[in-house]
file data-v7.txt (compact mmCIF, C-alpha atoms (C1' of nucleotides))
# COMPACT_ATOMS: atom_id res chain seq x y z
CA MET A 1 286.36 29.26 39.08
CA PHE A 2 282.66 29.67 39.94
CA SER A 3 280.29 27.02 41.31
CA LYS A 4 277.87 25.48 38.84
CA THR A 5 275.07 27.29 40.65
CA CYS A 6 276.85 30.57 40.10
CA GLU A 7 277.45 29.86 36.41
CA TYR A 8 273.75 29.20 35.94
CA ALA A 9 272.88 32.30 37.95
CA ILE A 10 274.98 34.57 35.77
CA ARG A 11 273.70 33.06 32.54
CA ALA A 12 270.10 33.27 33.73
CA MET A 13 270.45 36.85 34.86
CA LEU A 14 272.08 37.92 31.61
CA PHE A 15 269.24 36.27 29.71
CA VAL A 16 266.57 37.97 31.80
CA ALA A 17 268.40 41.27 31.39
CA GLN A 18 268.32 41.01 27.65
CA ARG A 19 264.67 39.98 27.38
CA SER A 20 263.61 42.39 30.08
CA ASN A 21 265.19 45.12 28.03
CA SER A 22 262.48 44.57 25.44
CA GLY A 23 259.89 44.95 28.19
CA VAL A 24 259.06 41.26 28.39
CA LYS A 25 258.80 38.92 31.35
CA VAL A 26 260.33 35.48 30.94
CA GLY A 27 259.28 32.21 32.53
CA ILE A 28 261.52 29.52 33.93
CA LYS A 29 260.92 27.22 30.99
CA GLU A 30 262.05 29.77 28.47
CA ILE A 31 265.10 30.69 30.54
CA SER A 32 265.94 27.04 31.02
CA LYS A 33 265.82 26.37 27.28
CA ASN A 34 267.81 29.40 26.31
CA ILE A 35 270.66 28.91 28.74
CA ASP A 36 270.58 25.10 28.64
CA ALA A 37 270.21 24.58 32.39
CA PRO A 38 267.96 22.31 34.49
CA GLU A 39 264.57 23.94 34.91
CA HIS A 40 263.84 23.27 38.58
CA PHE A 41 267.36 24.07 39.57
CA ILE A 42 267.48 27.54 38.08
CA ALA A 43 264.03 28.11 39.52
CA LYS A 44 265.61 27.73 42.96
CA ILE A 45 268.48 29.98 42.06
CA LEU A 46 266.26 32.75 40.71
CA GLN A 47 263.99 32.41 43.75
CA ASP A 48 267.03 33.13 45.85
CA LEU A 49 268.13 36.13 43.80
CA SER A 50 264.55 37.34 43.76
CA ARG A 51 264.34 37.27 47.57
CA ARG A 52 267.47 39.41 47.56
CA GLY A 53 265.77 41.88 45.28
CA MET A 54 268.29 41.38 42.49
CA VAL A 55 265.58 40.35 40.04
CA GLN A 56 261.83 40.85 40.09
CA SER A 57 259.16 38.23 39.56
CA SER A 58 255.42 37.93 39.26
CA LYS A 59 253.16 34.90 39.44
CA GLY A 60 250.24 33.84 37.30
CA PRO A 61 249.51 34.15 33.59
CA ASN A 62 251.99 36.42 31.82
CA GLY A 63 254.09 36.22 34.94
CA GLY A 64 257.80 35.53 35.00
CA PHE A 65 261.09 37.17 35.82
CA PHE A 66 262.08 40.69 34.82
CA PHE A 67 264.17 43.65 35.86
CA GLU A 68 263.13 46.98 37.18
CA LYS A 69 265.36 49.72 35.89
CA ALA A 70 267.52 49.78 39.02
CA SER A 71 268.24 46.08 38.87
CA GLU A 72 270.28 46.47 35.73
CA ASP A 73 272.86 48.28 37.82
CA TYR A 74 273.80 45.09 39.62
CA THR A 75 277.16 43.77 38.50
CA LEU A 76 278.43 40.27 37.92
CA ALA A 77 280.44 40.69 41.12
CA ASP A 78 277.16 41.19 43.02
CA ILE A 79 275.80 37.91 41.69
CA VAL A 80 279.00 36.04 42.47
CA ARG A 81 279.03 37.44 46.00
CA ALA A 82 275.37 36.50 46.51
CA ILE A 83 275.89 32.90 45.37
CA ASP A 84 279.50 31.94 46.08
CA GLY A 85 280.46 34.55 48.66
CA ASP A 86 283.65 36.53 48.38
CA LYS A 87 286.04 33.61 48.68
CA ILE A 88 287.11 34.04 45.09
CA PHE A 89 288.03 37.67 45.73
CA PHE A 90 289.77 37.30 49.06
CA GLY A 91 290.34 33.62 49.91
CA CYS A 92 293.77 31.97 50.05
CA ALA A 93 294.65 29.97 46.94
CA LEU A 94 296.19 27.22 49.07
CA GLY A 95 293.36 27.16 51.58
CA LEU A 96 295.14 28.63 54.60
CA THR A 97 292.74 30.07 57.14
CA GLU A 98 295.17 32.86 57.85
CA CYS A 99 296.91 34.24 54.80
CA ASP A 100 297.85 37.88 54.44
CA GLU A 101 300.83 40.19 54.05
CA ILE A 102 302.35 39.28 57.41
CA HIS A 103 301.54 35.56 57.26
CA PRO A 104 301.48 34.76 53.54
CA CYS A 105 301.22 31.43 51.78
CA PRO A 106 303.75 30.85 49.01
CA LEU A 107 301.31 32.06 46.38
CA HIS A 108 299.88 35.00 48.28
CA PHE A 109 301.61 37.79 46.42
CA GLU A 110 301.36 36.10 43.04
CA MET A 111 297.64 35.54 43.43
CA LYS A 112 296.81 38.92 44.90
CA GLY A 113 297.10 40.58 41.52
CA ILE A 114 295.01 37.97 39.79
CA ARG A 115 292.24 38.16 42.38
CA ASP A 116 292.19 41.91 42.14
CA MET A 117 291.90 41.68 38.37
CA ILE A 118 288.99 39.27 38.59
CA LYS A 119 287.31 41.47 41.16
CA SER A 120 287.68 44.68 39.21
CA LYS A 121 286.59 43.08 35.96
CA LEU A 122 283.48 41.56 37.47
CA GLU A 123 282.67 44.76 39.28
CA ALA A 124 282.91 46.69 36.05
CA VAL A 125 280.32 44.55 34.28
CA LYS A 126 276.68 45.53 34.76
CA LEU A 127 273.98 43.06 33.83
CA GLY A 128 272.73 45.10 30.91
CA VAL A 129 275.95 45.60 28.97
CA PHE A 130 275.66 42.40 26.96
CA ASN A 131 272.08 42.98 25.79
CA LYS A 132 272.95 44.11 22.28
CA ASP A 133 275.67 41.56 21.67
CA LEU A 134 273.35 38.82 22.88
CA GLU A 135 270.56 40.02 20.60
CA GLN A 136 272.93 40.09 17.63
CA LYS A 137 274.21 36.66 18.55
CA LEU A 138 277.77 37.81 18.84
CA ILE A 139 277.95 36.10 22.23
CA PHE A 140 276.07 33.10 23.62
CA LEU A 141 274.57 31.75 26.83
CA ARG A 142 274.46 28.12 25.71
CA MET B 1 290.11 28.33 42.56
CA PHE B 2 291.61 24.90 43.27
CA SER B 3 289.90 21.88 44.83
CA LYS B 4 290.68 21.18 48.48
CA THR B 5 292.55 18.09 47.35
CA CYS B 6 294.71 20.22 45.09
CA GLU B 7 295.39 22.77 47.81
CA TYR B 8 296.60 19.99 50.11
CA ALA B 9 298.64 18.49 47.28
CA ILE B 10 300.50 21.71 46.60
CA ARG B 11 301.14 22.38 50.28
CA ALA B 12 302.32 18.81 50.86
CA MET B 13 304.63 18.86 47.84
CA LEU B 14 306.16 22.19 48.83
CA PHE B 15 306.77 20.83 52.30
CA VAL B 16 308.39 17.66 50.98
CA ALA B 17 310.46 19.76 48.60
CA GLN B 18 311.85 21.85 51.40
CA ARG B 19 312.65 18.94 53.73
CA SER B 20 313.91 16.80 50.90
CA ASN B 21 316.33 19.58 50.09
CA SER B 22 318.09 18.84 53.36
CA GLY B 23 318.33 15.18 52.31
CA VAL B 24 315.62 13.98 54.65
CA LYS B 25 312.59 11.78 54.04
CA VAL B 26 309.33 12.87 55.65
CA GLY B 27 306.48 10.72 56.87
CA ILE B 28 302.77 11.35 56.49
CA LYS B 29 302.38 12.32 60.14
CA GLU B 30 305.00 15.00 59.95
CA ILE B 31 303.63 16.35 56.70
CA SER B 32 300.12 16.32 58.09
CA LYS B 33 301.18 18.32 61.14
CA ASN B 34 303.20 20.85 59.23
CA ILE B 35 300.63 21.66 56.61
CA ASP B 36 297.61 21.21 58.91
CA ALA B 37 295.80 18.66 56.76
CA PRO B 38 294.02 15.36 57.52
CA GLU B 39 296.59 12.59 57.71
CA HIS B 40 294.83 9.79 55.83
CA PHE B 41 293.60 12.14 53.20
CA ILE B 42 296.99 13.52 52.20
CA ALA B 43 298.31 9.96 52.33
CA LYS B 44 295.90 9.20 49.48
CA ILE B 45 296.91 12.30 47.59
CA LEU B 46 300.62 11.60 47.87
CA GLN B 47 300.06 7.98 46.89
CA ASP B 48 298.48 9.28 43.73
CA LEU B 49 301.28 11.72 42.97
CA SER B 50 303.79 9.01 43.80
CA ARG B 51 302.24 6.62 41.27
CA ARG B 52 302.65 9.39 38.70
CA GLY B 53 306.30 9.65 39.60
CA MET B 54 306.00 13.23 40.80
CA VAL B 55 307.31 12.34 44.24
CA GLN B 56 309.26 9.36 45.52
CA SER B 57 308.46 7.22 48.55
CA SER B 58 309.94 4.35 50.50
CA LYS B 59 308.37 2.08 53.09
CA GLY B 60 309.66 0.85 56.40
CA PRO B 61 311.74 2.47 59.12
CA ASN B 62 313.24 5.75 58.00
CA GLY B 63 310.91 5.61 55.05
CA GLY B 64 308.77 8.47 53.86
CA PHE B 65 308.38 10.83 50.94
CA PHE B 66 311.22 12.61 49.18
CA PHE B 67 312.32 14.04 45.87
CA GLU B 68 314.91 12.82 43.48
CA LYS B 69 316.71 15.71 41.85
CA ALA B 70 314.58 15.62 38.70
CA SER B 71 311.32 15.86 40.64
CA GLU B 72 312.11 19.35 41.75
CA ASP B 73 311.61 20.43 38.17
CA TYR B 74 307.90 19.77 38.34
CA THR B 75 305.90 22.97 38.47
CA LEU B 76 302.77 23.92 40.37
CA ALA B 77 300.96 23.71 37.03
CA ASP B 78 301.93 20.04 36.78
CA ILE B 79 300.39 19.33 40.18
CA VAL B 80 297.24 21.23 39.36
CA ARG B 81 296.89 19.38 36.07
CA ALA B 82 297.45 16.03 37.79
CA ILE B 83 294.80 16.68 40.44
CA ASP B 84 292.23 19.08 38.99
CA GLY B 85 292.87 18.66 35.28
CA ASP B 86 293.24 21.65 32.98
CA LYS B 87 289.73 23.03 33.45
CA ILE B 88 291.13 26.03 35.27
CA PHE B 89 293.41 26.84 32.36
CA PHE B 90 290.99 26.28 29.50
CA GLY B 91 287.41 25.81 30.76
CA CYS B 92 284.61 28.33 30.21
CA ALA B 93 283.93 30.60 33.17
CA LEU B 94 280.18 30.31 32.65
CA GLY B 95 280.26 26.55 32.09
CA LEU B 96 279.42 26.44 28.38
CA THR B 97 280.50 23.20 26.76
CA GLU B 98 281.42 25.09 23.63
CA CYS B 99 283.11 28.42 24.27
CA ASP B 100 285.79 29.79 21.98
CA GLU B 101 286.57 32.71 19.69
CA ILE B 102 283.79 31.89 17.25
CA HIS B 103 281.19 30.90 19.85
CA PRO B 104 282.15 32.89 22.94
CA CYS B 105 280.33 33.29 26.21
CA PRO B 106 279.97 36.89 27.44
CA LEU B 107 283.07 36.56 29.59
CA HIS B 108 285.23 34.64 27.16
CA PHE B 109 287.54 37.45 26.12
CA GLU B 110 287.71 39.00 29.57
CA MET B 111 288.64 35.70 31.16
CA LYS B 112 291.09 34.57 28.52
CA GLY B 113 293.73 36.95 29.83
CA ILE B 114 293.22 35.96 33.42
CA ARG B 115 293.45 32.26 32.66
CA ASP B 116 296.60 32.77 30.67
CA MET B 117 298.11 34.68 33.57
CA ILE B 118 297.29 31.94 36.04
CA LYS B 119 298.69 29.34 33.67
CA SER B 120 301.94 31.15 33.02
CA LYS B 121 302.47 31.97 36.68
CA LEU B 122 301.90 28.39 37.81
CA GLU B 123 304.07 27.07 35.01
CA ALA B 124 306.88 29.37 36.08
CA VAL B 125 306.97 28.07 39.65
CA LYS B 126 309.07 24.96 40.28
CA LEU B 127 308.58 23.05 43.50
CA GLY B 128 311.96 23.99 44.90
CA VAL B 129 311.83 27.76 44.60
CA PHE B 130 310.19 28.32 47.97
CA ASN B 131 312.63 26.19 49.97
CA LYS B 132 314.66 29.06 51.39
CA ASP B 133 311.71 31.31 52.16
CA LEU B 134 309.96 28.42 53.89
CA GLU B 135 313.03 27.66 55.95
CA GLN B 136 313.33 31.28 56.98
CA LYS B 137 309.64 31.37 57.80
CA LEU B 138 308.97 34.20 55.41
CA ILE B 139 306.11 32.18 53.97
CA PHE B 140 303.89 29.50 55.49
CA LEU B 141 302.10 26.26 54.67
CA ARG B 142 299.66 26.39 57.56
C1' DT C 1 234.05 32.75 41.22
C1' DT C 2 236.35 29.47 38.86
C1' DA C 3 239.99 27.59 36.01
C1' DA C 4 244.45 28.14 34.35
C1' DT C 5 249.02 29.78 34.82
C1' DA C 6 253.45 30.46 36.85
C1' DA C 7 256.47 31.37 40.72
C1' DA C 8 257.40 30.05 45.85
C1' DA C 9 258.30 26.75 49.06
C1' DG C 10 259.54 22.50 50.99
C1' DA C 11 261.09 17.89 50.92
C1' DG C 12 263.99 14.56 49.09
C1' DC C 13 267.23 12.29 45.92
C1' DT C 14 271.97 11.65 43.42
C1' DT C 15 276.62 12.52 42.63
C1' DT C 16 280.90 14.34 43.83
C1' DT C 17 284.08 15.76 47.13
C1' DT C 18 286.18 15.25 51.33
C1' DG C 19 287.65 12.52 54.97
C1' DT C 20 288.29 7.98 57.91
C1' DC C 21 289.52 3.26 58.99
C1' DC C 22 291.45 -1.17 58.47
C1' DT C 23 294.27 -4.59 56.19
C1' DT C 24 298.26 -5.58 53.27
C1' DT C 25 302.86 -5.03 51.56
C1' DA C 26 307.62 -3.60 51.68
C1' DA C 27 311.81 -2.30 54.12
C1' DC C 28 314.71 -2.39 57.85
C1' DA C 29 316.88 -3.69 62.32
C1' DA C 30 317.59 -6.50 66.11
C1' DT D 1 313.63 -14.81 61.09
C1' DT D 2 310.90 -12.00 63.61
C1' DG D 3 309.10 -7.68 65.08
C1' DT D 4 308.51 -2.90 63.99
C1' DT D 5 307.85 0.82 61.00
C1' DA D 6 305.69 3.31 57.32
C1' DA D 7 303.54 3.58 52.81
C1' DA D 8 299.90 1.21 49.61
C1' DG D 9 295.45 -0.21 48.88
C1' DG D 10 290.61 -0.97 49.42
C1' DA D 11 286.33 -0.07 51.50
C1' DC D 12 283.44 2.92 53.65
C1' DA D 13 281.25 7.36 55.89
C1' DA D 14 280.05 12.17 56.05
C1' DA D 15 279.27 16.48 53.99
C1' DA D 16 278.49 19.44 50.25
C1' DA D 17 276.93 20.35 45.67
C1' DG D 18 273.88 19.53 42.18
C1' DC D 19 269.41 18.33 40.77
C1' DT D 20 264.20 16.66 40.93
C1' DC D 21 259.50 16.35 42.41
C1' DT D 22 255.28 17.78 44.64
C1' DT D 23 252.40 21.00 46.92
C1' DT D 24 251.14 25.73 47.91
C1' DT D 25 250.31 30.53 46.88
C1' DA D 26 249.47 34.47 44.03
C1' DT D 27 247.74 36.41 39.72
C1' DT D 28 245.01 36.77 35.80
C1' DA D 29 241.35 36.10 32.65
C1' DA D 30 237.26 33.98 31.19
call {"tool": "encode", "arguments": {"input": "data-v7.txt", "output": "structure tokens"}}
result
Amino acid sequence: MFSKTCEYAIRAMLFVAQRSNSGVKVGIKEISKNIDAPEHFIAKILQDLSRRGMVQSSKGPNGGFFFEKASEDYTLADIVRAIDGDKIFFGCALGLTECDEIHPCPLHFEMKGIRDMIKSKLEAVKLGVFNKDLEQKLIFLR
Amino acid sequence: MFSKTCEYAIRAMLFVAQRSNSGVKVGIKEISKNIDAPEHFIAKILQDLSRRGMVQSSKGPNGGFFFEKASEDYTLADIVRAIDGDKIFFGCALGLTECDEIHPCPLHFEMKGIRDMIKSKLEAVKLGVFNKDLEQKLIFLR
DNA sequence: TTAATAAAAGAGCTTTTTGTCCTTTAACAA
DNA sequence: TTGTTAAAGGACAAAAAGCTCTTTTATTAA
């Protein structure tokens, strides 16, 4: 469904969101441990998201990744779009380059609804909404 | 959503289904042209599906791929399972190795419904159902 | 102002996926 | 039986995805 990179990205961002909520910055090592993902790899991914302004970072002692208030308004759909593009929302399930209402693949109409559902669900989920459930260990990132 | 291999597989099988319906065997070249896919690559894919008995083939002049009656009862879900496995139906959207009702990832419950929909839709579609629409060019494989 | 810390950046490696090519085997027809 | 056709099989190549390592830069605190 998502690329591995995108899975890591979402898990990392949700983790930073939760910790950032308590006013703390988190380093790569801590993120890596808590979401069970390769350290250097998620470093790259967060670097990328950081350049896009979707997460903030600071270097040096007590540095790490964190969210400014506004950043918590990003949705899962934003992350997916940043990492995987919008193929999952609009691409053809059978890989046709042209696939739409007037030139549909056999699954076009069946899949339309599913894609729309995925899109609207991911667009409805802001990064901060899982903070409490994560803290209470009702849901998990690893 | 599906691997490229799986996209080709579905398109190739739907094409064979339609032609086979008219009692004709189709060669790799013709399939390749009609679904716009690399010749040698889909040869491999069909070889694989043929070994599994999901499509029939014969060598030599007038040889090619075709369906025995029973083969038209295979569903798109069967093809997907044969090529990509059942990750798309049961895997965790965020890539957790353990993700279920008692140890869910943040998206577990949201995604459950979507996965079930995909599964039931693909399981409902037998290979032959598109034959007429394909013939009438209401839907396309390239 | 120096040492320590932690992210940024760049280069490179490994594995998987996708795609190609060549030889072999089976079927058929002349 | 011999030549032609078309799939089967094996080996290999290219590209993308996933992952690692090392150096540089910025920040902080002693």
call {"tool": "closest_atom_pairs", "arguments": {"input": "data-v7.txt", "of": "chain A", "to": "chain D", "cutoff": "6 Å", "atoms": "all atoms listed in the file", "output": "JSON lines"}}
result
{"residue": "A:Lys59", "atom": "CA", "partner": "D:DT27", "partner_atom": "C1'", "distance": 5.6}
{"residue": "A:Gly60", "atom": "CA", "partner": "D:DT27", "partner_atom": "C1'", "distance": 4.3}
{"residue": "A:Pro61", "atom": "CA", "partner": "D:DT28", "partner_atom": "C1'", "distance": 5.7}
call {"tool": "closest_residue", "arguments": {"input": "data-v7.txt", "among": "A:Ala9, A:Leu141, A:Asn62, A:Ala82", "to": "Leu46 of chain A", "atoms": "only C-alpha atoms"}}
result
A:Ala9
call {"tool": "closest_atom_pairs", "arguments": {"input": "data-v7.txt", "of": "chain C", "to": "chain B", "cutoff": "7 Å", "atoms": "all atoms listed in the file", "output": "Markdown table"}}
result
| residue | atom | partner | partner_atom | distance |
| --- | --- | --- | --- | --- |
| C:DG19 | C1' | B:Phe41 | CA | 6.2 |
| C:DA26 | C1' | B:Lys59 | CA | 5.9 |
| C:DA27 | C1' | B:Gly60 | CA | 4.4 |
| C:DC28 | C1' | B:Pro61 | CA | 5.8 |
call {"tool": "closest_atom_pairs", "arguments": {"input": "data-v7.txt", "of": "chain A", "to": "chain B", "cutoff": "8 Å", "atoms": "all atoms listed in the file", "output": "JSON lines"}}
result
{"residue": "A:Met1", "atom": "CA", "partner": "B:Met1", "partner_atom": "CA", "distance": 5.2}
{"residue": "A:Phe2", "atom": "CA", "partner": "B:Ala93", "partner_atom": "CA", "distance": 7.0}
{"residue": "A:Lys4", "atom": "CA", "partner": "B:Gly95", "partner_atom": "CA", "distance": 7.2}
{"residue": "A:Glu7", "atom": "CA", "partner": "B:Leu94", "partner_atom": "CA", "distance": 4.7}
{"residue": "A:Tyr8", "atom": "CA", "partner": "B:Leu94", "partner_atom": "CA", "distance": 7.3}
{"residue": "A:Ile10", "atom": "CA", "partner": "B:Leu94", "partner_atom": "CA", "distance": 7.4}
{"residue": "A:Arg11", "atom": "CA", "partner": "B:Leu94", "partner_atom": "CA", "distance": 7.0}
{"residue": "A:Ile88", "atom": "CA", "partner": "B:Met1", "partner_atom": "CA", "distance": 6.9}
{"residue": "A:Ala93", "atom": "CA", "partner": "B:Met1", "partner_atom": "CA", "distance": 6.5}
{"residue": "A:Leu94", "atom": "CA", "partner": "B:Glu7", "partner_atom": "CA", "distance": 4.7}
{"residue": "A:Gly95", "atom": "CA", "partner": "B:Glu7", "partner_atom": "CA", "distance": 6.1}
{"residue": "A:Leu96", "atom": "CA", "partner": "B:Arg142", "partner_atom": "CA", "distance": 5.8}
{"residue": "A:Thr97", "atom": "CA", "partner": "B:Arg142", "partner_atom": "CA", "distance": 7.8}
{"residue": "A:Glu98", "atom": "CA", "partner": "B:Arg142", "partner_atom": "CA", "distance": 7.9}
{"residue": "A:His103", "atom": "CA", "partner": "B:Ile139", "partner_atom": "CA", "distance": 6.6}
{"residue": "A:Pro104", "atom": "CA", "partner": "B:Ile139", "partner_atom": "CA", "distance": 5.3}
{"residue": "A:Cys105", "atom": "CA", "partner": "B:Phe140", "partner_atom": "CA", "distance": 5.0}
{"residue": "A:Pro106", "atom": "CA", "partner": "B:Ile139", "partner_atom": "CA", "distance": 5.7}
{"residue": "A:Glu110", "atom": "CA", "partner": "B:Lys121", "partner_atom": "CA", "distance": 7.7}
{"residue": "A:Ile114", "atom": "CA", "partner": "B:Ile114", "partner_atom": "CA", "distance": 6.9}
{"residue": "A:Met117", "atom": "CA", "partner": "B:Ile114", "partner_atom": "CA", "distance": 7.7}
{"residue": "A:Ile118", "atom": "CA", "partner": "B:Ile114", "partner_atom": "CA", "distance": 7.5}
{"residue": "A:Lys121", "atom": "CA", "partner": "B:Glu110", "partner_atom": "CA", "distance": 7.7}
{"residue": "A:Phe130", "atom": "CA", "partner": "B:Pro106", "partner_atom": "CA", "distance": 7.0}
{"residue": "A:Leu138", "atom": "CA", "partner": "B:Pro104", "partner_atom": "CA", "distance": 7.8}
{"residue": "A:Ile139", "atom": "CA", "partner": "B:Pro104", "partner_atom": "CA", "distance": 5.3}
{"residue": "A:Phe140", "atom": "CA", "partner": "B:Cys105", "partner_atom": "CA", "distance": 5.0}
{"residue": "A:Leu141", "atom": "CA", "partner": "B:Cys105", "partner_atom": "CA", "distance": 6.0}
{"residue": "A:Arg142", "atom": "CA", "partner": "B:Leu96", "partner_atom": "CA", "distance": 5.9}
call {"tool": "write_last_selection", "arguments": {"input": "data-v7.txt", "atoms": "C-alpha atoms", "output": "PDB file, keeping the file's coordinate frame"}}
result
ATOM      1  CA  MET A   1     286.360  29.260  39.080  1.00  0.00           C
ATOM      2  CA  PHE A   2     282.660  29.670  39.940  1.00  0.00           C
ATOM      3  CA  LYS A   4     277.870  25.480  38.840  1.00  0.00           C
ATOM      4  CA  GLU A   7     277.450  29.860  36.410  1.00  0.00           C
ATOM      5  CA  TYR A   8     273.750  29.200  35.940  1.00  0.00           C
ATOM      6  CA  ILE A  10     274.980  34.570  35.770  1.00  0.00           C
ATOM      7  CA  ARG A  11     273.700  33.060  32.540  1.00  0.00           C
ATOM      8  CA  ILE A  88     287.110  34.040  45.090  1.00  0.00           C
ATOM      9  CA  ALA A  93     294.650  29.970  46.940  1.00  0.00           C
ATOM     10  CA  LEU A  94     296.190  27.220  49.070  1.00  0.00           C
ATOM     11  CA  GLY A  95     293.360  27.160  51.580  1.00  0.00           C
ATOM     12  CA  LEU A  96     295.140  28.630  54.600  1.00  0.00           C
ATOM     13  CA  THR A  97     292.740  30.070  57.140  1.00  0.00           C
ATOM     14  CA  GLU A  98     295.170  32.860  57.850  1.00  0.00           C
ATOM     15  CA  HIS A 103     301.540  35.560  57.260  1.00  0.00           C
ATOM     16  CA  PRO A 104     301.480  34.760  53.540  1.00  0.00           C
ATOM     17  CA  CYS A 105     301.220  31.430  51.780  1.00  0.00           C
ATOM     18  CA  PRO A 106     303.750  30.850  49.010  1.00  0.00           C
ATOM     19  CA  GLU A 110     301.360  36.100  43.040  1.00  0.00           C
ATOM     20  CA  ILE A 114     295.010  37.970  39.790  1.00  0.00           C
ATOM     21  CA  MET A 117     291.900  41.680  38.370  1.00  0.00           C
ATOM     22  CA  ILE A 118     288.990  39.270  38.590  1.00  0.00           C
ATOM     23  CA  LYS A 121     286.590  43.080  35.960  1.00  0.00           C
ATOM     24  CA  PHE A 130     275.660  42.400  26.960  1.00  0.00           C
ATOM     25  CA  LEU A 138     277.770  37.810  18.840  1.00  0.00           C
ATOM     26  CA  ILE A 139     277.950  36.100  22.230  1.00  0.00           C
ATOM     27  CA  PHE A 140     276.070  33.100  23.620  1.00  0.00           C
ATOM     28  CA  LEU A 141     274.570  31.750  26.830  1.00  0.00           C
ATOM     29  CA  ARG A 142     274.460  28.120  25.710  1.00  0.00           C
TER      30      ARG A 142
END
call {"tool": "atom_distance", "arguments": {"input": "data-v7.txt", "atom1": "atom CA of Ile31 of chain A", "atom2": "atom CA of Phe65 of chain A"}}
result
9.3 Å
call {"tool": "atom_distance", "arguments": {"input": "data-v7.txt", "atom1": "atom CA of Leu76 of chain B", "atom2": "atom CA of Glu123 of chain A"}}
result
29.0 Å
call {"tool": "atom_distance", "arguments": {"input": "data-v7.txt", "atom1": "atom CA of Lys25 of chain A", "atom2": "atom CA of Val80 of chain A"}}
result
23.2 Å
call {"tool": "closest_residue", "arguments": {"input": "data-v7.txt", "among": "B:Ala17, B:Leu49, B:Ala37, B:Val24", "to": "Ala70 of chain B", "atoms": "only C-alpha atoms"}}
result
B:Ala17
call {"tool": "axis_aligned_box", "arguments": {"input": "data-v7.txt", "around": "segment 3-17 of chain A", "padding_each_side": "3 Å", "output": "JSON"}}
result
{"center_x": 273.4, "center_y": 33.4, "center_z": 35.5, "size_x": 19.7, "size_y": 21.8, "size_z": 17.6}
